[in-house]
Structure formats: C-alpha cells, structure tokens
Amino acid sequence: MREITFSQATLEAMDEEMSRDETVFVMGEDIARQGGIFGQFKGLPEKFGFDRVKDTPITETAIVGACVGAALSGMRPVADMHFADFVGVCMDEIFNQMAKIHYMFGGQKTVPMVLRAPDGLINQAAAQHSQSLESWFLHVPGLKVVIPSNPADAKGLLKSAIRDDNPVMYFEHKSLFRVKGPVPEEEFFTPIGKAKVVKEGTDVTLVSYSMCFTHALEAAQMLEKEGISVECVDLRTISPIDKNTILESVAKTSRLAIAHEAVKQGGVGAEISAIVAEEGIDYLDAPIMRVGAPFTPVPFAKPLEMAYRVTPEKIADAIRKML
Amino acid sequence: MCAKPVTKKTPASIKKYNKELLEHFYDIMCKIRCFEENIQEKFLAGVIPGFVHVYIGEEATGTGIMSNLTKKDYIQTTHRGHGHTLAKGADPKRMMAEIFGKKAGFCKGKGGSMHIADFSVGMLGANGIVGGGYTLATGSALANKMMGKEEIAVVFFGDGASNRGTFHEAANMAAAWKLPILFVCENNQWASTTPYRTTTSVEDIADRAQGYGMPGVIVDGNDVFAVYEAAKSLINNIRKGEGPALLECKTYRIGGHFVGDPEKYRTKEEVQKVFTENDPITRFENRVLAEKVMSQAELDEIKSNARKVIEEAVDFAMQAPEPDPAELYQDLYV
C-alpha cells in the first residue's frame with residue numbers, strides 16, 4: 001500500500017469531502033494563505049477558493065461560534081484551532097453552545113461541525129502550545145471526540161467526523177503530522193466510537209491513543225523480548241468510548257494498563273479505569289496501571305520536558321510492575 | 001470610515017402605515033405584554049420552575065425590528081427572549097408549554113425559558129449565556145452570504161452584554177467580511193442589577209459601531225414607529241450587501257432582572273415614572289388615537305383577542321403532559 005504523511009492524509013480527507021459536498025468549508029487562523037502551520041491545508045484554497053478555505057481574524061471565540069451558527073444555517077463547517085491549547089479561549093462556544101444546542105432545543109437542529117485541534121508535545125513548545133486536553137471533552141455530553149494515531153485513521157476519522165451530524169472534536173497530534181503510514185487509495189472511513197486491537201497479546205491490555213500509541217507499541221516490543229505479551233488497543237475515539245473492545249481485551253488478558261501523553265490526574269485513563277472497575281473487576285488479576293504526564297504544566301527546558309514526557313520506557317516500566 | 005452614530009427620530013406622521021401593519025404592531029405588543037404578565041403570575045405562584053426574565057416595557061423594540069423580517073431571516077435572542085420569539089412568529093402555546101417544562105414545548109421540555117428555539121420561524125435560540133448569541137448569528141450571516149441567500153441574521157443583546165468580548169470578535173468578523181447581520185442593542189439601562197453606566201465606557205453603545213467601520217443608529221426603543229423605520233432602513237442596506245450595522249434601542253426594563261427580583265438597586269418610583277410616561281404600548285395607543293389611524297374599539301378588540309390567545313396558551317401549557325423520564329437520553333446524539 002502507498003504511504004503518505006498524516007498531514008497529507010488529513011488533506012485528502014478535506015479535499016474529498018469538500019469536493020463531494022459544497023456546504024463543507026474550513027476556517028481558522030493562517031490556514032489559507034499560509035496553508036496551516038503544519039502544512040495541513042496546503043493547496044486547498046487554490047482548489048476551493050478563499051471563501052471555502054478562510055483565513056480568520058485571531059479570534060477563536062468567533063471562529064467556533066460562527067461555525068456553530070453556520071452549522072445551524074445549512075453548512076457543515078470545519079473549524080481549525082491552530083493549537084489545541086487555544087480551546088480555553090472559546091470554551092463557552094464549545095461546551096455551552098456547540099455541544100448543547102441539539103439536546104437543549106429538543107432535537108430541532110443538529111450541529112454538524114468539526115473542530116480540529118492540533119495538540120501535544122513538539123519542539124519544546126512549552127506550557128501553552130503543547131497540551132493534550134482531550135479529557136476535558138470526555139466530560140461534556142453532546143460532543144464526540146476522536147483522536148487518530150496514524151495517517152489512515154487520520155483520514156478515515158476526519159471523513160467520518162465531517163459526515164457526522166453531531167459536533168466532533170478532532171484532536172491531531174502535532175508530532176504526527178510528518179509521520180508516514182499506509183493509507184488505502186480507495187475511499188474508506190474509520191468508524192467513530194470503535195477502538196482497534198492493533199497488536200494481539202495475552203498478558204496485559206495496553207490502551208493508548210494518538211502519538212502515545214506509538215510509544216505503547218514500542219513498549220510492547222520491548223516487553224515482548226522479555227517474554228511479556230502485550231495487547232495494544234488504539235482507542236481512536238475518546239467519546240463515545242468503546243467499552244466493549246476494552247472489556248473484551250481485559251477479559252482475555254486479566255490486566256489493564258493505560259498510557260496517554262495528557263496529565264494522568266483526571267485523564268482519559270481515569271475514566272477507562274473506572275469503567276473496568278465497575279464492569280470488569282472480576283477479570284483483573286492485578287491493579288490497573290495508568291501512565292500519564294505528571295501534574296504540572298508542560299515545562300520548557302529540555303531536561304524538564306524529558307522528565308515530563310511519557311516514553312516507551314516509562315510505559316514498559318509500569319507494565320513490568322504489574323506482573 | 002463610518003461617522004458617529006445618528007439618532008433616528010420618529011416619523012412625523014403615521015398616516016402612511018397601512019392598517020394591517022398598525023394592527024400587527026399592536027397585536028404583537030399586546031401579546032408579549034400579556035404573555036409576560038401571565039408568566040410573572042404563574043412563576044410567583046410556584047407553577048413555573050427555573051429562572052424567568054420578562055420583557056415588559058421593551059415590547060416596541062422586538063416588535064418594530066421583527067416586523068421587517070421574514071421567517072427565513074435568522075435571529076439569536078437572549079435570556080430575555082420571549083418577546084422576540086413571539087414577534088418572530090412562534091406559537092405561544094408551544095412557547096408557554098416549554099416554559100412550563102412540558103413535552104409539547106418547542107424543546108420537549110428540555111430547554112425552559114432561557115433555551116427556547118423555534119427553527120421553523122428562524123428563531124435559532126435564546127441563550128442563557130449573556131453575549132452568547134453574537135458569534136452564532138455571525139455564523140448564520142456567513143452561511144447566508146456563502147449560499148447567496150438574501151436573508152439576514154439579527155442578534156439581540158443588552159447594554160450589559162455589550163461589554164462581552166464576544167461582541168468585539170463578532171462585530172469585527174462581521175464587518176471585515178461584510179456579513180449580512182444587524183446587531184441590535186436593547187439598552188434597558190440595567191446590566192442585571194447594575195446600572196450600565198457604572199460599568200460601561202460609553203453612554204451610547206452605538207458609539208462602538210464606528211470602531212468596526214459599521215453604521216450605528218440610536219433610536220427611542222419605546223417608540224415602535226421609530227424602531228420600525230430605523231431597522232427598515234438598516235436592514236434594506238444589509239440585504240443589499242452593504243455589511244453589518246448596529247442599532248441601539250433606548251428602552252427601560254420595567255421588571256426586575258428576573259421574576260422575583262427584590263429590586264433593591266432602584267426605587268419603585270423610578271420604575272413607576274417610566275411606566276406612566278414611557279410605556280411603549282400606551283404611547284402607541286395615544287398616538288394612533290391622536291392621529292386617528294385606529295379607533296379605541298379597534299384597539300380594544302385586538303387587545304382582548306391577544307389576551308384570549310395567551311390565556312389559551314396558558315391553559316394549554318397547564319394541561320399538557322410532562323415529559324417521560326425515559327426521554328432523558330433522547331436527542332443527545334443524532
């Protein structure tokens with residue numbers, strides 16, 4: 001199969017969906033003339049025009065709010081958040097407007113929009129340009145939250161998100177944009193709400209997602225050499241969370257570890273742990289282990305950032321303690 | 001660059017208005033007043049739950065503006081949105097049922113007073129967040145422009161909400177992109193319980209329009225004719241593609257911030273004075289009678305019919321069934 005970058009995969013998804021449906025448009029800061037800070041919009045304005053690929057003022061609140069309004073008025077907008085860290089600027093528009101309108105107004109109107117949010121650690125970008133904030137949105141009814149770990153799912157999930165009539169938060173890790181991977185040439189979709197067992201194993205279930213899933217696979221390879229068989233589950237969707245795939249895997253392996261780049265406290269791992277504690281505690285032969293970032297803002301200096309990062313070694317160490 | 005805001009005066013004569021429009025003005029204003037009086041009564045009697053904010057004293061602004069719109073134009077309203085919703089053409093029965101928390105309500109009882117919407121008449125939602133509607137309406141205007149529609153978006157907000165950052169972001173975006181949207185400030189003098197002048201940098205909110213390069217107009221918001229004319233002229237220009245405008249309607253909130261508000265921040269005399277001298281409905285009656293364009297009998301008939309319609313809405317809401325608890329999870333996702 002051909003290999004393309006994560007960035008190209010998202011570009012293909014945009015291109016295909018914008019070609020198919022003229023109500024799909026995208027707006028955000030620096031996306032048209034610059035092509036996006038990670039090049040993820042390059043070529044789109046030339047093909048679809050500056051009206052459908054819009055450079056906005058630096059106003060996250062107006063970007064998200066206007067996309068909500070446009071979604072209520074017949075369009076299918078895609079908003080680009082530039083950096084996921086900026087969601088705090090427009091939080092009201094996300095959790096009080098975008099997420100609630102369908103329910104609060106008794107199902108009169110859907111809000112078919114996607115909010116793309118590049119997240120995660122890259123180039124020592126420090127406290128306000130490096131965060132992984134997906135767990136905030138796990139707590140908000142009405143939103144769907146997806147988070148691909150590879151180019152194929154980047155494309156498949158973005159296409160599914162654009163076609164979904166619900167508002168979808170789409171987190172894309174900045175360090176993944178340049179990563180290459182196999183992506184089918186024919187049209188395909190990655191279903192929202194479905195995790196994937198990427199590597200089968202028998203001793204422990206390791207749930208992860210986004211960039212961290214690469215670290216999880218690496219940790220699994222390290223442990224394999226030590227005779228520990230790890231089953232790696234790529235969550236892909238944070239909300240609605242795929243309980244069944246997780247529980248089925250834990251039923252098989254009897255052990256659960258969760259790894260994510262986000263702060264461990266109150267993270268997605270906490271929710272998964274609680275689900276398994278509530279619905280699958282009899283499967284477990286060992287306490288659940290969570291690996292996440294320490295409870296600090298993301299530091300700048302290299303040694304500090306290295307200490308902060310979740311690495312394959314840290315994940316492997318955590319799993320060794322379970323056995 | 002746009003100039004300082006202008007103040008639009010009331011028309012010298014109202015003889016040019018056709019009867020239908022005059023009747024419509026009075027009908028809507030009476031329905032709003034009666035609707036809100038019933039809401040107050042039922043809330044204080046403990047029949048209506050939650051929080052409610054009434055529009056008494058501000059009927060002329062919503063009526064005058066909405067009389068220039070069709071059902072295909074979009075509006076975003078506020079926590080004080082019953083008047084706008086009625087004026088946009090929503091069914092009072094289903095509105096009342098929503099406010100009573102009944103299944104027959106527009107939102108199946110999931111929204112309540114602060115979250116009514118009726119998409120079938122272009123009312124895209126009240127908003128419990130002060131200043132929450134600007135950016136949404138801007139998006140509706142953007143969609144209309146992208147789709148080549150001639151319909152516009154109107155966002156209502158108060159003097160208090162005019163200080164939100166969302167105003168700036170939406171006004172700038174709308175003006176930069178020449179979007180078809182009218183910003184309507186209903187300056188009712190009170191930002192919740194705070195006199196707006198103690199927390200607002202300008203006397204006239206319309207002053208802010210020129211900072212965005214859009215026209216700003218000030219009008220007596222308790223004069224339905226003045227509001228209608230000012231809005232008509234701005235809306236015509238917006239429909240022609242000239243970009244957004246800001247209309248400030250000077251009015252006064254006769255009721256408290258919410259029903260049940262002890263109103264310790266102002267005197268009863270102050271409120272009574274406005275009600276006696278500047279009630280938009282009384283002013284309408286006095287003017288149409290003075291200019292002999294309507295008779296007292298015609299006014300009486302419209303008012304009594306409006307009362308009947310609203311009383312039927314109350315009866316409908318009182319008798320309507322409550323939602324079933326099993327509906328809790330409905331409409332969360334499509």
# chains A, B, ... in the order shown; residues from 1 in each chain; ligands from 1

call {"tool": "residues_around", "arguments": {"residues": "Ser67 of chain B", "least_positions_apart": "3", "cutoff": "9 Å", "atoms": "only C-alpha atoms", "output": "list of chain:residue names"}}
result
B:Leu21, B:His24, B:Phe25, B:Gly62, B:Thr63, B:Gly64, B:Thr70, B:Ala87, B:Lys88, B:Tyr228, B:Lys232

call {"tool": "closest_atom_pairs", "arguments": {"of": "segment 241-293 of chain B", "to": "segment 167-173 of chain B", "cutoff": "10 Å", "atoms": "only C-alpha atoms", "output": "tab-separated table"}}
result
residue	atom	partner	partner_atom	distance
B:Pro244	CA	B:Ala171	CA	8.1
B:Ala245	CA	B:Ala171	CA	9.0
B:Leu246	CA	B:Ala171	CA	9.1

call {"tool": "closest_residue", "arguments": {"among": "A:Met211, A:Met18, A:Thr5, A:Pro151", "to": "Ile122 of chain A", "atoms": "only C-alpha atoms"}}
result
A:Met211

call {"tool": "residues_around", "arguments": {"residues": "Ala104 of chain B", "least_positions_apart": "5", "cutoff": "8 Å", "atoms": "only C-alpha atoms", "output": "number ranges by chain"}}
result
B: 94, 97-98, 109, 317, 320-321

call {"tool": "write_last_selection", "arguments": {"atoms": "N, CA and C atoms", "output": "PDB file, in the first residue's frame"}}
result
ATOM      1  N   ARG B  94     -46.861  26.567  22.254  1.00  0.00           N
ATOM      2  CA  ARG B  94     -45.663  25.722  22.406  1.00  0.00           C
ATOM      3  C   ARG B  94     -44.576  26.446  23.202  1.00  0.00           C
ATOM      4  N   ALA B  97     -45.749  26.120  26.798  1.00  0.00           N
ATOM      5  CA  ALA B  97     -45.537  24.738  27.240  1.00  0.00           C
ATOM      6  C   ALA B  97     -44.062  24.502  27.574  1.00  0.00           C
ATOM      7  N   GLU B  98     -43.171  25.094  26.792  1.00  0.00           N
ATOM      8  CA  GLU B  98     -41.737  24.931  27.073  1.00  0.00           C
ATOM      9  C   GLU B  98     -41.381  25.569  28.412  1.00  0.00           C
ATOM     10  N   GLY B 109     -39.535  20.282  26.545  1.00  0.00           N
ATOM     11  CA  GLY B 109     -39.313  20.446  27.979  1.00  0.00           C
ATOM     12  C   GLY B 109     -37.857  20.343  28.389  1.00  0.00           C
ATOM     13  N   ALA B 317     -50.627  24.944  28.249  1.00  0.00           N
ATOM     14  CA  ALA B 317     -49.402  24.564  28.956  1.00  0.00           C
ATOM     15  C   ALA B 317     -49.718  23.888  30.285  1.00  0.00           C
ATOM     16  N   ALA B 320     -50.913  20.362  29.535  1.00  0.00           N
ATOM     17  CA  ALA B 320     -50.055  19.495  28.709  1.00  0.00           C
ATOM     18  C   ALA B 320     -49.301  18.503  29.598  1.00  0.00           C
ATOM     19  N   PRO B 321     -49.070  17.291  29.089  1.00  0.00           N
ATOM     20  CA  PRO B 321     -48.344  16.302  29.890  1.00  0.00           C
ATOM     21  C   PRO B 321     -46.862  16.632  30.039  1.00  0.00           C
TER      22      PRO B 321
END

call {"tool": "interface_residues", "arguments": {"of": "chain B", "to": "chain A", "cutoff": "9 Å", "atoms": "only C-alpha atoms", "output": "ChimeraX atom specification"}}
result
/B:74,105-112,115-120,124-125,127-129,132-144,146-147,165-166,169-170,172-173,176,329-334

call {"tool": "write_last_selection", "arguments": {"atoms": "N, CA and C atoms", "output": "tab-separated table (two decimals), in the first residue's frame"}}
result
chain	number	residue	atom	x	y	z
B	74	TYR	N	-32.82	34.95	10.18
B	74	TYR	CA	-32.48	34.29	11.44
B	74	TYR	C	-32.36	35.30	12.57
B	105	GLY	N	-43.71	21.49	24.52
B	105	GLY	CA	-42.91	22.69	24.29
B	105	GLY	C	-42.01	22.54	23.08
B	106	PHE	N	-41.51	23.68	22.60
B	106	PHE	CA	-40.64	23.67	21.42
B	106	PHE	C	-39.44	22.74	21.60
B	107	CYS	N	-38.97	22.64	22.82
B	107	CYS	CA	-37.77	21.83	23.07
B	107	CYS	C	-38.10	20.59	23.88
B	108	LYS	N	-39.37	20.19	23.83
B	108	LYS	CA	-39.84	18.99	24.52
B	108	LYS	C	-39.58	19.05	26.03
B	109	GLY	N	-39.54	20.28	26.55
B	109	GLY	CA	-39.31	20.45	27.98
B	109	GLY	C	-37.86	20.34	28.39
B	110	LYS	N	-36.96	20.29	27.43
B	110	LYS	CA	-35.54	20.17	27.78
B	110	LYS	C	-34.85	21.52	27.91
B	111	GLY	N	-35.52	22.59	27.44
B	111	GLY	CA	-34.85	23.90	27.43
B	111	GLY	C	-35.32	24.83	28.53
B	112	GLY	N	-36.62	25.10	28.56
B	112	GLY	CA	-37.15	26.08	29.51
B	112	GLY	C	-37.03	27.49	28.96
B	115	HIS	N	-33.96	28.77	27.08
B	115	HIS	CA	-33.46	27.96	25.97
B	115	HIS	C	-34.59	27.59	25.02
B	116	ILE	N	-35.37	28.60	24.64
B	116	ILE	CA	-36.41	28.33	23.64
B	116	ILE	C	-35.81	28.58	22.27
B	117	ALA	N	-36.18	27.73	21.33
B	117	ALA	CA	-35.83	27.99	19.93
B	117	ALA	C	-37.00	27.51	19.10
B	118	ASP	N	-37.22	28.14	17.97
B	118	ASP	CA	-38.19	27.64	17.00
B	118	ASP	C	-37.58	27.83	15.62
B	119	PHE	N	-36.90	26.79	15.19
B	119	PHE	CA	-36.17	26.88	13.92
B	119	PHE	C	-37.12	27.07	12.74
B	120	SER	N	-38.39	26.68	12.91
B	120	SER	CA	-39.32	26.79	11.78
B	120	SER	C	-39.63	28.25	11.44
B	124	LEU	N	-33.32	30.98	16.13
B	124	LEU	CA	-32.30	29.95	16.33
B	124	LEU	C	-31.87	29.80	17.78
B	125	GLY	N	-32.56	30.46	18.67
B	125	GLY	CA	-32.29	30.16	20.06
B	125	GLY	C	-32.16	31.37	20.96
B	127	ASN	N	-30.50	32.31	24.72
B	127	ASN	CA	-29.19	31.89	25.22
B	127	ASN	C	-29.05	32.25	26.69
B	128	GLY	N	-28.70	31.28	27.49
B	128	GLY	CA	-28.52	31.53	28.91
B	128	GLY	C	-27.20	32.21	29.21
B	129	ILE	N	-26.34	32.29	28.20
B	129	ILE	CA	-25.05	32.95	28.39
B	129	ILE	C	-25.15	34.36	27.83
B	132	GLY	N	-23.83	35.36	24.38
B	132	GLY	CA	-23.54	34.10	23.71
B	132	GLY	C	-24.01	34.05	22.26
B	133	GLY	N	-24.87	34.97	21.87
B	133	GLY	CA	-25.50	34.87	20.56
B	133	GLY	C	-24.76	35.54	19.41
B	134	TYR	N	-23.88	36.50	19.74
B	134	TYR	CA	-23.24	37.28	18.67
B	134	TYR	C	-22.53	36.42	17.62
B	135	THR	N	-21.67	35.53	18.12
B	135	THR	CA	-20.85	34.78	17.16
B	135	THR	C	-21.70	33.78	16.39
B	136	LEU	N	-22.73	33.26	17.04
B	136	LEU	CA	-23.60	32.30	16.35
B	136	LEU	C	-24.35	33.01	15.21
B	137	ALA	N	-24.87	34.20	15.51
B	137	ALA	CA	-25.59	34.95	14.47
B	137	ALA	C	-24.63	35.34	13.34
B	138	THR	N	-23.40	35.64	13.70
B	138	THR	CA	-22.39	35.96	12.69
B	138	THR	C	-22.20	34.76	11.76
B	139	GLY	N	-22.20	33.58	12.34
B	139	GLY	CA	-22.08	32.36	11.54
B	139	GLY	C	-23.28	32.13	10.63
B	140	SER	N	-24.47	32.46	11.14
B	140	SER	CA	-25.66	32.35	10.29
B	140	SER	C	-25.56	33.32	9.11
B	141	ALA	N	-25.08	34.52	9.41
B	141	ALA	CA	-24.92	35.52	8.34
B	141	ALA	C	-23.87	35.05	7.33
B	142	LEU	N	-22.81	34.45	7.85
B	142	LEU	CA	-21.77	33.92	6.97
B	142	LEU	C	-22.34	32.83	6.06
B	143	ALA	N	-23.13	31.94	6.64
B	143	ALA	CA	-23.74	30.86	5.85
B	143	ALA	C	-24.64	31.45	4.76
B	144	ASN	N	-25.45	32.44	5.14
B	144	ASN	CA	-26.34	33.06	4.16
B	144	ASN	C	-25.56	33.69	3.02
B	146	MET	N	-22.49	32.89	2.05
B	146	MET	CA	-21.83	31.86	1.26
B	146	MET	C	-22.82	31.17	0.32
B	147	MET	N	-24.05	31.03	0.78
B	147	MET	CA	-25.05	30.35	-0.05
B	147	MET	C	-25.79	31.30	-0.98
B	165	GLY	N	-16.48	40.27	25.43
B	165	GLY	CA	-15.50	40.17	24.35
B	165	GLY	C	-16.08	39.56	23.10
B	166	THR	N	-17.11	38.75	23.26
B	166	THR	CA	-17.75	38.14	22.09
B	166	THR	C	-18.30	39.21	21.14
B	169	GLU	N	-15.35	40.33	18.97
B	169	GLU	CA	-14.92	39.33	17.98
B	169	GLU	C	-15.94	39.19	16.85
B	170	ALA	N	-17.22	39.20	17.23
B	170	ALA	CA	-18.25	39.03	16.20
B	170	ALA	C	-18.38	40.29	15.34
B	172	ASN	N	-16.15	42.55	14.68
B	172	ASN	CA	-15.01	42.67	13.78
B	172	ASN	C	-15.11	41.69	12.62
B	173	MET	N	-15.45	40.44	12.92
B	173	MET	CA	-15.54	39.43	11.86
B	173	MET	C	-16.64	39.81	10.86
B	176	ALA	N	-15.44	42.85	8.87
B	176	ALA	CA	-14.31	42.53	7.98
B	176	ALA	C	-14.80	41.76	6.76
B	329	TYR	N	-32.51	10.61	27.69
B	329	TYR	CA	-31.39	10.38	26.77
B	329	TYR	C	-31.71	10.70	25.32
B	330	GLN	N	-32.97	11.04	25.04
B	330	GLN	CA	-33.31	11.35	23.64
B	330	GLN	C	-32.69	12.67	23.21
B	331	ASP	N	-32.30	12.72	21.97
B	331	ASP	CA	-31.78	13.94	21.34
B	331	ASP	C	-30.39	14.36	21.83
B	332	LEU	N	-29.70	13.45	22.54
B	332	LEU	CA	-28.33	13.78	22.93
B	332	LEU	C	-27.43	13.70	21.69
B	333	TYR	N	-27.55	12.59	20.98
B	333	TYR	CA	-26.83	12.45	19.70
B	333	TYR	C	-27.84	12.13	18.62
B	334	VAL	N	-27.45	12.38	17.40
B	334	VAL	CA	-28.33	12.07	16.27
B	334	VAL	C	-28.21	10.59	15.97

call {"tool": "residues_around", "arguments": {"residues": "segment 39-52 of chain B", "least_positions_apart": "3", "cutoff": "9 Å", "atoms": "only C-alpha atoms", "output": "JSON, numbers by chain"}}
result
{"B": [34, 35, 36, 79, 80, 96, 99, 100, 101, 112, 113, 114, 257, 258, 259, 260, 314, 318]}

call {"tool": "residues_around", "arguments": {"residues": "Gly160 of chain B", "least_positions_apart": "4", "cutoff": "9 Å", "atoms": "only C-alpha atoms", "output": "PyMOL selection string"}}
result
chain B and resi 130-131+164+187+189-192+194-196+199-200

call {"tool": "write_last_selection", "arguments": {"atoms": "C-alpha atoms", "output": "CSV table (one decimal), in the first residue's frame"}}
result
chain,number,residue,atom,x,y,z
B,130,VAL,CA,-25.1,36.7,28.2
B,131,GLY,CA,-23.4,37.7,24.9
B,164,ARG,CA,-18.6,41.0,26.5
B,187,ASN,CA,-30.3,49.3,26.1
B,189,GLN,CA,-30.3,50.6,31.4
B,190,TRP,CA,-29.7,47.6,33.6
B,191,ALA,CA,-27.0,45.0,33.4
B,192,SER,CA,-28.7,42.5,35.7
B,194,THR,CA,-26.1,47.1,37.9
B,195,PRO,CA,-26.8,50.5,36.3
B,196,TYR,CA,-25.0,50.1,33.0
B,199,THR,CA,-19.6,49.6,34.3
B,200,THR,CA,-19.7,50.8,30.6

call {"tool": "select_by_dssp", "arguments": {"residues": "segment 91-312 of chain B", "states": "helix (DSSP H, G or I)", "output": "mmCIF file with C-alpha atoms, in the first residue's frame"}}
result
data_model
loop_
_atom_site.group_PDB
_atom_site.id
_atom_site.type_symbol
_atom_site.label_atom_id
_atom_site.label_comp_id
_atom_site.auth_asym_id
_atom_site.auth_seq_id
_atom_site.Cartn_x
_atom_site.Cartn_y
_atom_site.Cartn_z
ATOM 1 C CA PRO B 92 -47.468 30.978 22.022
ATOM 2 C CA LYS B 93 -48.860 27.602 23.072
ATOM 3 C CA ARG B 94 -45.663 25.722 22.406
ATOM 4 C CA MET B 95 -43.619 28.548 23.948
ATOM 5 C CA MET B 96 -45.699 28.529 27.078
ATOM 6 C CA ALA B 97 -45.537 24.738 27.240
ATOM 7 C CA GLU B 98 -41.737 24.931 27.073
ATOM 8 C CA ILE B 99 -41.614 27.471 29.880
ATOM 9 C CA SER B 113 -37.460 29.856 29.390
ATOM 10 C CA MET B 114 -33.797 30.607 28.653
ATOM 11 C CA HIS B 115 -33.464 27.959 25.968
ATOM 12 C CA PHE B 119 -36.171 26.876 13.918
ATOM 13 C CA SER B 120 -39.316 26.790 11.776
ATOM 14 C CA VAL B 121 -39.632 30.583 12.102
ATOM 15 C CA TYR B 134 -23.242 37.280 18.665
ATOM 16 C CA THR B 135 -20.847 34.782 17.164
ATOM 17 C CA LEU B 136 -23.598 32.303 16.352
ATOM 18 C CA ALA B 137 -25.586 34.946 14.473
ATOM 19 C CA THR B 138 -22.395 35.960 12.690
ATOM 20 C CA GLY B 139 -22.077 32.356 11.539
ATOM 21 C CA SER B 140 -25.664 32.353 10.289
ATOM 22 C CA ALA B 141 -24.923 35.521 8.340
ATOM 23 C CA LEU B 142 -21.771 33.922 6.967
ATOM 24 C CA ALA B 143 -23.737 30.860 5.849
ATOM 25 C CA ASN B 144 -26.339 33.056 4.158
ATOM 26 C CA LYS B 145 -23.670 35.003 2.346
ATOM 27 C CA MET B 146 -21.831 31.856 1.256
ATOM 28 C CA ALA B 161 -23.822 42.108 27.095
ATOM 29 C CA SER B 162 -22.306 44.886 25.001
ATOM 30 C CA ASN B 163 -19.248 44.650 27.257
ATOM 31 C CA GLY B 165 -15.502 40.169 24.353
ATOM 32 C CA THR B 166 -17.748 38.141 22.089
ATOM 33 C CA PHE B 167 -19.226 41.436 20.875
ATOM 34 C CA HIS B 168 -15.841 42.594 19.681
ATOM 35 C CA GLU B 169 -14.919 39.327 17.983
ATOM 36 C CA ALA B 170 -18.250 39.032 16.200
ATOM 37 C CA ALA B 171 -18.505 42.702 15.218
ATOM 38 C CA ASN B 172 -15.006 42.665 13.782
ATOM 39 C CA MET B 173 -15.536 39.431 11.861
ATOM 40 C CA ALA B 174 -18.924 40.566 10.535
ATOM 41 C CA ALA B 175 -17.555 43.925 9.424
ATOM 42 C CA ALA B 176 -14.314 42.531 7.983
ATOM 43 C CA TYR B 196 -24.998 50.103 32.984
ATOM 44 C CA ARG B 197 -23.306 53.500 33.156
ATOM 45 C CA THR B 198 -21.322 52.430 36.233
ATOM 46 C CA ILE B 205 -23.461 51.679 22.874
ATOM 47 C CA ALA B 206 -23.905 52.707 19.226
ATOM 48 C CA ASP B 207 -20.680 54.744 19.580
ATOM 49 C CA ARG B 208 -18.837 51.455 19.338
ATOM 50 C CA ALA B 209 -20.086 50.805 15.800
ATOM 51 C CA GLN B 210 -17.689 53.213 14.181
ATOM 52 C CA GLY B 211 -14.744 51.334 15.654
ATOM 53 C CA TYR B 212 -15.742 48.457 13.395
ATOM 54 C CA VAL B 224 -42.419 51.198 17.746
ATOM 55 C CA PHE B 225 -42.634 53.507 14.718
ATOM 56 C CA ALA B 226 -39.154 54.900 15.238
ATOM 57 C CA VAL B 227 -37.718 51.413 15.786
ATOM 58 C CA TYR B 228 -39.506 50.055 12.724
ATOM 59 C CA GLU B 229 -38.233 52.855 10.478
ATOM 60 C CA ALA B 230 -34.654 52.764 11.759
ATOM 61 C CA ALA B 231 -34.491 48.982 11.413
ATOM 62 C CA LYS B 232 -36.092 49.088 7.975
ATOM 63 C CA SER B 233 -33.508 51.413 6.579
ATOM 64 C CA LEU B 234 -30.566 49.471 8.081
ATOM 65 C CA ILE B 235 -31.986 46.095 7.061
ATOM 66 C CA ASN B 236 -32.528 47.278 3.485
ATOM 67 C CA ASN B 237 -28.873 48.210 3.283
ATOM 68 C CA ILE B 238 -27.779 44.945 4.859
ATOM 69 C CA ARG B 239 -29.872 42.983 2.366
ATOM 70 C CA LYS B 268 -40.415 51.824 42.861
ATOM 71 C CA GLU B 269 -40.967 55.485 41.988
ATOM 72 C CA GLU B 270 -38.319 55.366 39.266
ATOM 73 C CA VAL B 271 -39.954 52.370 37.635
ATOM 74 C CA GLN B 272 -43.447 53.794 38.013
ATOM 75 C CA LYS B 273 -42.380 57.044 36.377
ATOM 76 C CA VAL B 274 -41.184 55.223 33.259
ATOM 77 C CA PHE B 275 -44.289 53.092 33.201
ATOM 78 C CA THR B 276 -46.534 56.135 33.443
ATOM 79 C CA GLU B 277 -44.695 58.323 30.975
ATOM 80 C CA ASN B 278 -42.988 55.967 28.590
ATOM 81 C CA PRO B 280 -44.466 51.651 24.672
ATOM 82 C CA ILE B 281 -47.972 50.234 24.486
ATOM 83 C CA THR B 282 -49.663 53.305 25.989
ATOM 84 C CA ARG B 283 -47.605 55.514 23.702
ATOM 85 C CA PHE B 284 -48.760 53.525 20.690
ATOM 86 C CA GLU B 285 -52.383 53.789 21.761
ATOM 87 C CA ASN B 286 -52.132 57.538 22.362
ATOM 88 C CA ARG B 287 -50.506 58.148 19.030
ATOM 89 C CA VAL B 288 -52.804 56.092 16.826
ATOM 90 C CA LEU B 289 -55.810 57.656 18.517
ATOM 91 C CA ALA B 290 -54.393 61.179 18.232
ATOM 92 C CA GLN B 296 -60.495 52.744 20.510
ATOM 93 C CA ALA B 297 -62.854 49.958 19.506
ATOM 94 C CA GLU B 298 -60.260 48.512 17.145
ATOM 95 C CA LEU B 299 -57.600 48.659 19.841
ATOM 96 C CA ASP B 300 -59.909 47.028 22.377
ATOM 97 C CA GLU B 301 -60.710 44.213 20.014
ATOM 98 C CA ILE B 302 -57.058 43.473 19.265
ATOM 99 C CA LYS B 303 -56.120 43.606 22.931
ATOM 100 C CA SER B 304 -58.900 41.316 24.007
ATOM 101 C CA ASN B 305 -58.082 38.865 21.232
ATOM 102 C CA ALA B 306 -54.402 38.910 22.248
ATOM 103 C CA ARG B 307 -55.397 38.195 25.836
ATOM 104 C CA LYS B 308 -57.553 35.313 24.682
ATOM 105 C CA VAL B 309 -54.721 33.785 22.642
ATOM 106 C CA ILE B 310 -52.312 33.999 25.571
ATOM 107 C CA GLU B 311 -54.825 32.663 28.075
ATOM 108 C CA GLU B 312 -55.402 29.713 25.779
#

call {"tool": "closest_residue", "arguments": {"among": "B:Ser295, B:Asn68, B:Thr251, B:Gln76", "to": "Asp279 of chain B", "atoms": "only C-alpha atoms"}}
result
B:Thr251
